[in-house]
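S.K.: Okay, so here is upload18.cif, and as you'll see once you scroll down, it has mmCIF, C-alpha atoms.
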data_data
loop_
_atom_site.label_atom_id
_atom_site.label_comp_id
_atom_site.auth_asym_id
_atom_site.auth_seq_id
_atom_site.Cartn_x
_atom_site.Cartn_y
_atom_site.Cartn_z
CA MET A 3 14.85 17.41 -43.99
CA THR A 4 14.97 19.86 -41.11
CA ALA A 5 17.70 22.48 -40.94
CA ILE A 6 19.58 20.63 -38.20
CA GLN A 7 19.37 17.38 -40.20
CA LEU A 8 20.82 19.25 -43.19
CA LEU A 9 23.64 20.62 -41.04
CA GLU A 10 24.39 17.12 -39.75
CA LYS A 11 24.50 15.80 -43.31
CA ILE A 12 26.73 18.65 -44.50
CA GLY A 13 29.09 17.97 -41.60
CA ALA A 14 29.17 14.20 -42.05
CA ASP A 15 28.92 13.62 -45.80
CA ALA A 16 32.06 14.53 -47.75
CA SER A 17 30.21 14.24 -51.06
CA PHE A 18 27.44 16.62 -50.08
CA ASP A 19 27.34 19.50 -52.55
CA LEU A 20 26.35 22.77 -50.88
CA ASN A 21 25.36 24.12 -54.30
CA LEU A 22 22.50 21.63 -54.39
CA LEU A 23 20.83 23.24 -51.38
CA SER A 24 17.59 24.98 -52.28
CA GLU A 25 17.09 28.61 -51.38
CA GLU A 26 14.56 27.48 -48.79
CA ASP A 27 17.10 25.11 -47.21
CA LYS A 28 19.76 27.83 -47.15
CA LYS A 29 17.31 30.20 -45.51
CA SER A 30 16.27 27.67 -42.83
CA ILE A 31 19.93 26.86 -42.06
CA GLU A 32 20.80 30.55 -41.78
CA GLN A 33 17.81 31.09 -39.50
CA ILE A 34 18.79 28.44 -36.94
CA VAL A 35 22.45 29.49 -37.04
CA GLN A 36 21.41 33.08 -36.33
CA LYS A 37 18.95 31.95 -33.68
CA ALA A 38 21.60 30.00 -31.79
CA GLN A 39 23.13 32.65 -29.58
CA ILE A 40 26.65 32.47 -28.20
CA PHE A 41 26.60 29.83 -25.54
CA ASN A 42 27.97 30.31 -22.07
CA ALA A 43 30.39 27.49 -21.40
CA VAL A 44 33.75 28.93 -20.49
CA GLN A 45 35.88 27.30 -17.82
CA ASN A 46 36.94 29.92 -15.32
CA ILE A 47 40.21 29.87 -13.43
CA LEU A 48 40.57 31.93 -10.27
CA PRO A 49 43.68 33.10 -8.40
CA PRO A 50 44.52 30.68 -5.58
CA ASP A 51 43.81 33.06 -2.72
CA GLU A 52 40.26 33.60 -4.00
CA GLU A 53 39.36 29.95 -4.49
CA GLU A 54 37.70 27.57 -2.10
CA PRO A 55 40.45 25.07 -1.17
CA GLU A 56 38.58 21.93 -2.25
CA GLU A 57 37.39 23.44 -5.52
CA GLN A 58 40.83 24.78 -6.31
CA GLN A 59 42.33 21.34 -6.05
CA ASP A 60 39.60 19.78 -8.19
CA GLU A 61 39.76 22.46 -10.84
CA GLN A 62 43.53 22.37 -11.05
CA GLN A 63 43.32 18.62 -11.62
CA SER A 64 40.67 19.06 -14.27
CA ILE A 65 42.89 21.11 -16.52
CA SER A 66 46.09 19.18 -16.04
CA MET B 10 30.14 3.87 1.14
CA ASN B 11 31.03 2.17 -2.13
CA HIS B 12 28.48 -0.29 -3.56
CA LEU B 13 29.53 -2.11 -6.73
CA ASN B 14 27.21 -3.12 -9.58
CA LYS B 15 24.61 -0.45 -8.99
CA VAL B 16 22.09 -0.04 -11.82
CA GLY B 17 22.69 3.59 -12.77
CA SER B 18 25.60 4.65 -14.95
CA ILE B 19 27.06 7.68 -16.63
CA VAL B 20 29.21 8.17 -19.70
CA CYS B 21 30.54 11.61 -20.58
CA VAL B 22 31.02 11.93 -24.31
CA GLY B 23 32.39 14.61 -26.62
CA THR B 24 30.23 15.88 -29.47
CA GLY B 25 33.17 17.48 -31.23
CA ILE B 26 33.01 21.09 -32.34
CA THR B 27 31.26 20.92 -35.72
CA VAL B 28 27.72 19.50 -36.03
CA GLY B 29 27.73 16.10 -37.73
CA ALA B 30 31.45 16.07 -38.41
CA HIS B 31 33.35 15.25 -35.25
CA ILE B 32 31.47 12.76 -33.08
CA SER B 33 32.86 9.24 -32.65
CA PRO B 34 30.70 6.17 -33.44
CA ILE B 35 30.87 4.96 -29.84
CA SER B 36 29.84 8.36 -28.44
CA ARG B 37 26.91 8.46 -30.83
CA SER B 38 25.90 4.96 -29.77
CA TYR B 39 25.95 5.92 -26.07
CA ILE B 40 23.80 8.95 -26.82
CA GLU B 41 21.28 6.93 -28.81
CA GLN B 42 20.98 4.26 -26.11
CA ALA B 43 20.84 6.55 -23.07
CA ASP B 44 17.75 6.93 -20.88
CA ILE B 45 18.56 10.62 -20.57
CA VAL B 46 21.17 12.87 -22.19
CA PHE B 47 22.38 16.01 -20.45
CA SER B 48 23.95 18.58 -22.70
CA ALA B 49 26.20 21.53 -22.08
CA GLY B 50 27.22 23.05 -25.34
CA HIS B 51 26.32 25.16 -28.30
CA PRO B 52 22.55 25.41 -28.92
CA LEU B 53 22.99 23.86 -32.37
CA ILE B 54 24.80 20.90 -30.84
CA GLU B 55 21.88 20.48 -28.42
CA MET B 56 19.43 20.53 -31.34
CA TRP B 57 21.56 17.91 -33.06
CA LEU B 58 21.54 15.71 -29.95
CA GLY B 59 17.76 15.84 -30.11
CA GLU B 60 17.99 13.99 -33.42
CA MET B 61 19.80 11.12 -31.66
CA ASN B 62 17.77 10.85 -28.45
CA ASP B 63 14.27 12.02 -27.55
CA ASN B 64 15.20 12.78 -23.94
CA VAL B 65 17.82 15.54 -24.06
CA GLN B 66 18.00 17.99 -21.17
CA SER B 67 20.09 21.13 -21.47
CA LEU B 68 22.33 22.16 -18.60
CA GLN B 69 22.68 25.64 -20.09
CA PRO B 70 19.86 27.17 -17.95
CA LEU B 71 22.08 26.58 -14.91
CA TYR B 72 24.37 29.34 -16.18
CA ALA B 73 23.43 32.90 -15.38
CA GLU B 74 25.24 36.18 -15.87
CA GLY B 75 26.75 37.24 -12.57
CA LYS B 76 26.39 33.74 -11.06
CA ASP B 77 29.61 32.13 -9.88
CA ARG B 78 30.37 29.37 -12.38
CA ARG B 79 31.68 27.07 -9.68
CA ARG B 80 28.14 26.97 -8.30
CA THR B 81 26.83 26.24 -11.80
CA TYR B 82 29.32 23.40 -12.23
CA ARG B 83 28.34 21.82 -8.91
CA GLU B 84 24.67 22.05 -9.89
CA MET B 85 25.45 20.33 -13.19
CA VAL B 86 27.13 17.46 -11.35
CA GLU B 87 24.23 17.09 -8.93
CA THR B 88 21.65 17.23 -11.74
CA MET B 89 23.39 14.37 -13.57
CA MET B 90 24.04 12.36 -10.40
CA ALA B 91 20.37 12.53 -9.39
CA GLN B 92 19.49 10.54 -12.53
CA VAL B 93 22.39 8.11 -12.05
CA ARG B 94 21.21 7.44 -8.49
CA ALA B 95 17.70 6.89 -9.87
CA GLY B 96 19.11 3.96 -11.85
CA LYS B 97 19.16 5.62 -15.27
CA LYS B 98 21.66 5.16 -18.11
CA VAL B 99 22.89 8.74 -18.21
CA VAL B 100 25.01 10.45 -20.84
CA GLY B 101 26.63 13.84 -20.39
CA ALA B 102 27.30 15.22 -23.85
CA PHE B 103 29.82 18.03 -23.87
CA TYR B 104 30.97 20.33 -26.64
CA GLY B 105 34.32 19.33 -28.13
CA HIS B 106 36.19 16.96 -25.82
CA PRO B 107 34.41 16.28 -22.50
CA GLY B 108 37.65 16.28 -20.55
CA VAL B 109 39.12 19.52 -21.89
CA PHE B 110 38.16 22.83 -20.26
CA ALA B 111 35.26 21.09 -18.56
CA TRP B 112 35.16 20.52 -14.82
CA PRO B 113 31.72 18.84 -14.43
CA PRO B 114 32.48 15.74 -16.56
CA HIS B 115 35.59 14.88 -14.52
CA LYS B 116 33.77 15.57 -11.28
CA VAL B 117 30.61 13.61 -12.11
CA ILE B 118 32.65 10.58 -13.19
CA ALA B 119 34.72 10.69 -10.00
CA THR B 120 31.56 11.10 -7.89
CA ALA B 121 29.72 8.25 -9.64
CA LYS B 122 32.71 5.92 -9.31
CA ALA B 123 33.09 6.78 -5.62
CA GLU B 124 29.43 5.83 -5.10
CA GLY B 125 29.86 2.53 -6.95
CA TYR B 126 28.29 3.37 -10.30
CA ALA B 127 29.79 2.57 -13.70
CA ALA B 128 31.24 5.76 -15.14
CA HIS B 129 33.74 6.66 -17.85
CA MET B 130 34.62 9.24 -20.49
CA GLU B 131 34.72 8.96 -24.28
CA PRO B 132 36.91 11.52 -26.06
CA GLY B 133 35.72 13.94 -28.69
CA ILE B 134 37.42 16.14 -31.25
CA SER B 135 38.48 19.25 -29.38
CA ALA B 136 39.11 22.83 -30.46
CA GLU B 137 42.81 22.03 -30.09
CA ASP B 138 42.51 19.23 -32.65
CA CYS B 139 40.73 21.59 -35.04
CA LEU B 140 43.35 24.29 -34.51
CA TYR B 141 46.16 21.98 -35.63
CA ALA B 142 44.20 21.03 -38.74
CA HIS B 143 43.12 24.53 -39.72
CA LEU B 144 46.35 26.39 -38.90
CA GLY B 145 48.60 23.65 -40.27
CA ILE B 146 50.59 23.33 -37.06
CA ASP B 147 52.27 20.12 -35.95
CA PRO B 148 52.85 20.32 -32.17
CA GLY B 149 55.48 17.61 -32.53
CA ASN B 150 57.55 19.85 -34.76
CA LEU B 151 58.63 22.74 -32.52
CA GLY B 152 56.58 21.86 -29.46
CA SER B 153 53.65 23.76 -28.00
CA GLN B 154 52.63 25.18 -24.66
CA HIS B 155 48.99 25.62 -23.70
CA PHE B 156 47.54 27.82 -20.99
CA GLU B 157 44.12 29.12 -20.13
CA ALA B 158 44.52 32.89 -20.63
CA SER B 159 43.46 33.96 -17.14
CA GLN B 160 45.55 31.31 -15.44
CA PHE B 161 48.45 32.46 -17.61
CA MET B 162 48.01 35.90 -16.07
CA PHE B 163 47.41 34.79 -12.48
CA TYR B 164 50.51 32.62 -12.16
CA LYS B 165 54.15 32.96 -13.13
CA ARG B 166 54.78 30.55 -15.99
CA ASN B 167 57.93 29.60 -17.86
CA ILE B 168 57.36 30.64 -21.46
CA ASP B 169 59.42 28.99 -24.19
CA PRO B 170 59.49 31.40 -27.16
CA THR B 171 61.02 28.68 -29.37
CA ALA B 172 57.73 26.71 -29.22
CA TYR B 173 54.14 27.58 -30.13
CA LEU B 174 52.21 29.24 -27.31
CA ILE B 175 48.47 28.59 -27.40
CA LEU B 176 46.27 30.63 -25.08
CA TRP B 177 42.65 29.60 -24.55
CA GLN B 178 39.68 31.78 -23.66
CA VAL B 179 41.46 35.05 -24.42
CA GLY B 180 38.07 36.79 -24.56
CA ILE B 181 37.85 36.61 -20.76
CA ALA B 182 41.58 36.97 -20.06
CA GLY B 183 42.15 38.27 -16.55
CA ASP B 184 38.60 37.75 -15.29
CA LYS B 185 38.85 37.25 -11.53
CA SER B 186 35.10 37.23 -10.97
CA ALA B 187 34.28 33.91 -12.71
CA ALA B 188 31.13 35.65 -13.85
CA ARG B 189 32.05 37.85 -16.82
CA LEU B 190 31.28 37.03 -20.45
CA SER B 191 34.14 39.22 -21.64
CA THR B 192 36.91 41.38 -20.28
CA GLY B 193 37.76 44.83 -21.53
CA GLN B 194 40.71 46.67 -23.01
CA ALA B 195 42.33 47.34 -19.64
CA HIS B 196 42.54 43.59 -18.95
CA ARG B 197 43.80 42.93 -22.45
CA GLN B 198 46.47 45.60 -22.11
CA ILE B 199 47.92 43.77 -19.12
CA PHE B 200 47.73 40.52 -21.07
CA VAL B 201 49.67 42.08 -23.96
CA GLU B 202 52.27 43.55 -21.59
CA LEU B 203 52.79 40.12 -20.08
CA LEU B 204 53.32 38.56 -23.51
CA ASN B 205 55.52 41.49 -24.50
CA GLU B 206 58.06 40.28 -21.92
CA HIS B 207 58.73 37.42 -24.33
CA TYR B 208 57.53 38.63 -27.74
CA PRO B 209 57.83 41.98 -29.57
CA LEU B 210 54.62 43.98 -30.05
CA ASP B 211 54.84 43.54 -33.83
CA HIS B 212 55.05 39.75 -33.49
CA GLN B 213 52.27 38.19 -35.58
CA VAL B 214 49.78 36.06 -33.66
CA VAL B 215 46.65 34.23 -34.82
CA LEU B 216 43.15 34.56 -33.42
CA TYR B 217 41.35 31.32 -34.13
CA GLU B 218 37.78 30.01 -33.85
CA CYS B 219 36.54 26.65 -35.06
CA PRO B 220 33.09 26.78 -36.70
CA THR B 221 30.13 24.94 -35.17
CA VAL B 222 28.57 24.33 -38.56
CA ALA B 223 30.25 23.01 -41.69
CA THR B 224 28.74 25.79 -43.80
CA LYS B 225 31.03 28.29 -42.05
CA GLN B 226 34.77 28.72 -42.38
CA PRO B 227 37.11 28.78 -39.37
CA LYS B 228 38.12 32.24 -38.16
CA ILE B 229 41.85 32.68 -38.78
CA GLN B 230 42.90 36.27 -38.17
CA TRP B 231 46.55 37.29 -38.10
CA ILE B 232 47.26 40.40 -36.07
CA ALA B 233 50.25 42.07 -34.45
CA LEU B 234 50.44 41.24 -30.74
CA GLY B 235 50.13 44.95 -29.92
CA ASP B 236 46.79 45.13 -31.78
CA PHE B 237 45.19 42.50 -29.56
CA VAL B 238 43.77 45.15 -27.24
CA GLN B 239 41.35 46.31 -29.95
CA ALA B 240 40.67 42.89 -31.51
CA GLU B 241 37.17 41.48 -31.89
CA LEU B 242 36.88 38.41 -29.67
CA SER B 243 34.28 35.90 -28.60
CA LEU B 244 34.11 33.37 -25.78
CA VAL B 245 35.60 30.73 -28.07
CA THR B 246 38.52 32.75 -29.47
CA THR B 247 41.94 31.15 -29.05
CA MET B 248 45.26 32.92 -29.54
CA CYS B 249 48.13 31.04 -31.15
CA VAL B 250 51.55 32.66 -30.78
CA PRO B 251 54.17 31.26 -33.17
CA PRO B 252 57.77 30.98 -31.96
CA SER B 253 59.77 34.20 -31.93
CA GLN B 254 63.14 32.53 -31.45
CA GLU B 255 64.94 29.63 -33.05
CA LEU B 256 65.64 26.40 -31.19
CA GLN B 257 68.88 26.52 -29.22
CA LYS B 258 71.12 23.46 -29.34
CA ASN B 259 71.90 21.81 -26.01
CA HIS B 260 75.59 21.24 -26.66
CA GLU B 261 76.23 19.55 -23.33
CA ILE B 262 73.58 16.87 -23.85
CA LEU B 263 74.50 16.45 -27.51
CA ALA B 264 78.12 15.80 -26.50
CA ARG B 265 77.07 13.23 -23.91
CA LEU B 266 74.85 11.48 -26.46
CA SER B 267 77.74 11.43 -28.95
CA GLN B 268 79.88 9.73 -26.34
CA LEU B 269 77.20 7.04 -25.96
CA ASP B 270 77.11 6.55 -29.73
CA GLN B 271 80.88 6.02 -29.75
CA LEU B 272 80.48 3.22 -27.19
CA ASP B 273 78.08 1.30 -29.48
#
With the file now loaded, output its structure as structure tokens.

M.R.:
Amino acid sequence: MTAIQLLEKIGADASFDLNLLSEEDKKSIEQIVQKAQIFNAVQNILPPDEEEPEEQQDEQQSIS
Amino acid sequence: MNHLNKVGSIVCVGTGITVGAHISPISRSYIEQADIVFSAGHPLIEMWLGEMNDNVQSLQPLYAEGKDRRRTYREMVETMMAQVRAGKKVVGAFYGHPGVFAWPPHKVIATAKAEGYAAHMEPGISAEDCLYAHLGIDPGNLGSQHFEASQFMFYKRNIDPTAYLILWQVGIAGDKSAARLSTGQAHRQIFVELLNEHYPLDHQVVLYECPTVATKQPKIQWIALGDFVQAELSLVTTMCVPPSQELQKNHEILARLSQLDQLD
């Protein structure tokens, strides 16, 4: 099993025992977790006088 | 012009926050059956999507430090719509819930519908859902107010200190540029002063982060409000402010309701 497959199984299988992971599995999981940098997906909100009118309306609706 | 029954389609689904744990069966099915899956989320979530569909394309490269995010969002919508217009079964897979703190999914669905394509959204487990579970808060108990942290600063809001106050994206609180990955202590100081109008500086608040992988524990850090300026934050940190005041009875309404009961 690849590291991401292991992570999927750990997330989805309530009976999965983390203690049964081999040292190699633990290492591969830690490696991809470390490798995955903080992603850039924040939703920005601007003051009304600095927004484009159309975008402002759309973005206000999107968070309501 | 609106043409019905066009071949292309788009479904925006939520992956949930934690790999493997939070996705709904129907969202997974859409991902598995899609011609192409666009992803905007945590890199691990994108790797996981690759296990469900061989044709996953990340939208993350459209982000860039210093680039106005509104431009990025529009590019995301156009990237997805190009495949819809090409007649593909398109899925947009978004971290958490696709309709929460996410402009492109709402926009791409509205655009596709306006052009006559089938389009809809499937919910996912959001950070808000995880927060209730991990902090043991029932929003139906005392009520809760939610604001994006910057919007909370930009506009005058009516704060109810008898309910929970949940502030999202506190790591970029006060960012007017739409391009920063964090704001500094000066911004946070203003944020604290704003909250201090309603809560004392020693009021205990929680900084919360839901883990992306089930091998990690959620971050639950209690701090005094006044210590927020120096707190360690990330882009996904949420602040939960418990009530500082007790509920006040509305005697006038209670009396009117009692009168109604007497009529029964």

S.K.: With 7 Å as the limit and counting all atoms listed in the file, what residues in chain B lie close to chain A? Please list them as an MDAnalysis selection string.

M.R.: chainID B and resid 27:30 50:53 56:57 72 109:112 115 159:160 163 185 187 222:223 244

S.K.: Could you state the separation of atom CA of Ile35 of chain B and atom CA of Glu131 of chain B in Å, given to one decimal place?

M.R.: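 One can read the atom CA of Ile35 of chain B to atom CA of Glu131 of chain B distance as 7.9 Å.
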
S.K.: Please, what distance in Å, to one decimal, runs between atom CA of Met3 of chain A and atom CA of Glu41 of chain B?

M.R.: 19.5 Å

S.K.: For the file shown, what are the residues hit by the PyMOL selection byres ((chain B and resi 142-149) around 10), laid out as a list in words?

M.R.: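 Evaluating the PyMOL selection byres ((chain B and resi 142-149) around 10) on these coordinates yields Ala136, Glu137, Asp138, Cys139, Leu140, Tyr141, Asn150, Leu151, Gly152, Ser153, Gln154, Ala172, Tyr173, Val215, Tyr217, Glu218, Cys219, Gln226, Pro227, Lys228, Ile229, Cys249 and Pro251 of chain B.
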
S.K.: Which residue is closest to Asn167 of chain B? Choose from B:Arg265, B:Gly133, B:Leu203, B:Ile181 and count only C-alpha atoms.

M.R.: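 Ranked by minimum distance to Asn167 of chain B, first place goes to B:Leu203.
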
S.K.: Considering only C-alpha atoms, state which residue in the set B:Thr192, B:Ser135, B:Thr81, B:Ser18 is at the smallest distance from Arg94 of chain B.

M.R.: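 Under the stated criterion, the closest residue is B:Ser18.
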
S.K.: Would you work out the distance separating atom CA of Phe47 of chain B from atom CA of Val65 of chain B, expressed in Å to one decimal?

M.R.: 5.8 Å

S.K.: Hey, which of B:Tyr104, B:Ser191, B:Ile19, B:Leu272 ends up closest to Lys122 of chain B? Count all atoms listed in the file.

M.R.: B:Ile19

S.K.: Give me the residues within 9 Å of His212 of chain B as a PyMOL selection string, counting all atoms listed in the file and dropping any in the same chain fewer than 6 places off.

M.R.: chain B and resi 232-235+250-251+253

S.K.: What would the selection look like, as a ChimeraX atom specification, if the PyMOL selection byres ((chain B and resi 93) around 9) were run on the coordinates I just shared?

M.R.: /B:16-19,89-92,94-99,121,126

S.K.: Pick out the residues sitting within 7 Å of Pro132 of chain B, and hand them over as number ranges by chain; count only C-alpha atoms, and ignore anything fewer than 4 positions along from it in its own chain.

M.R.: B: 22-23, 106-107
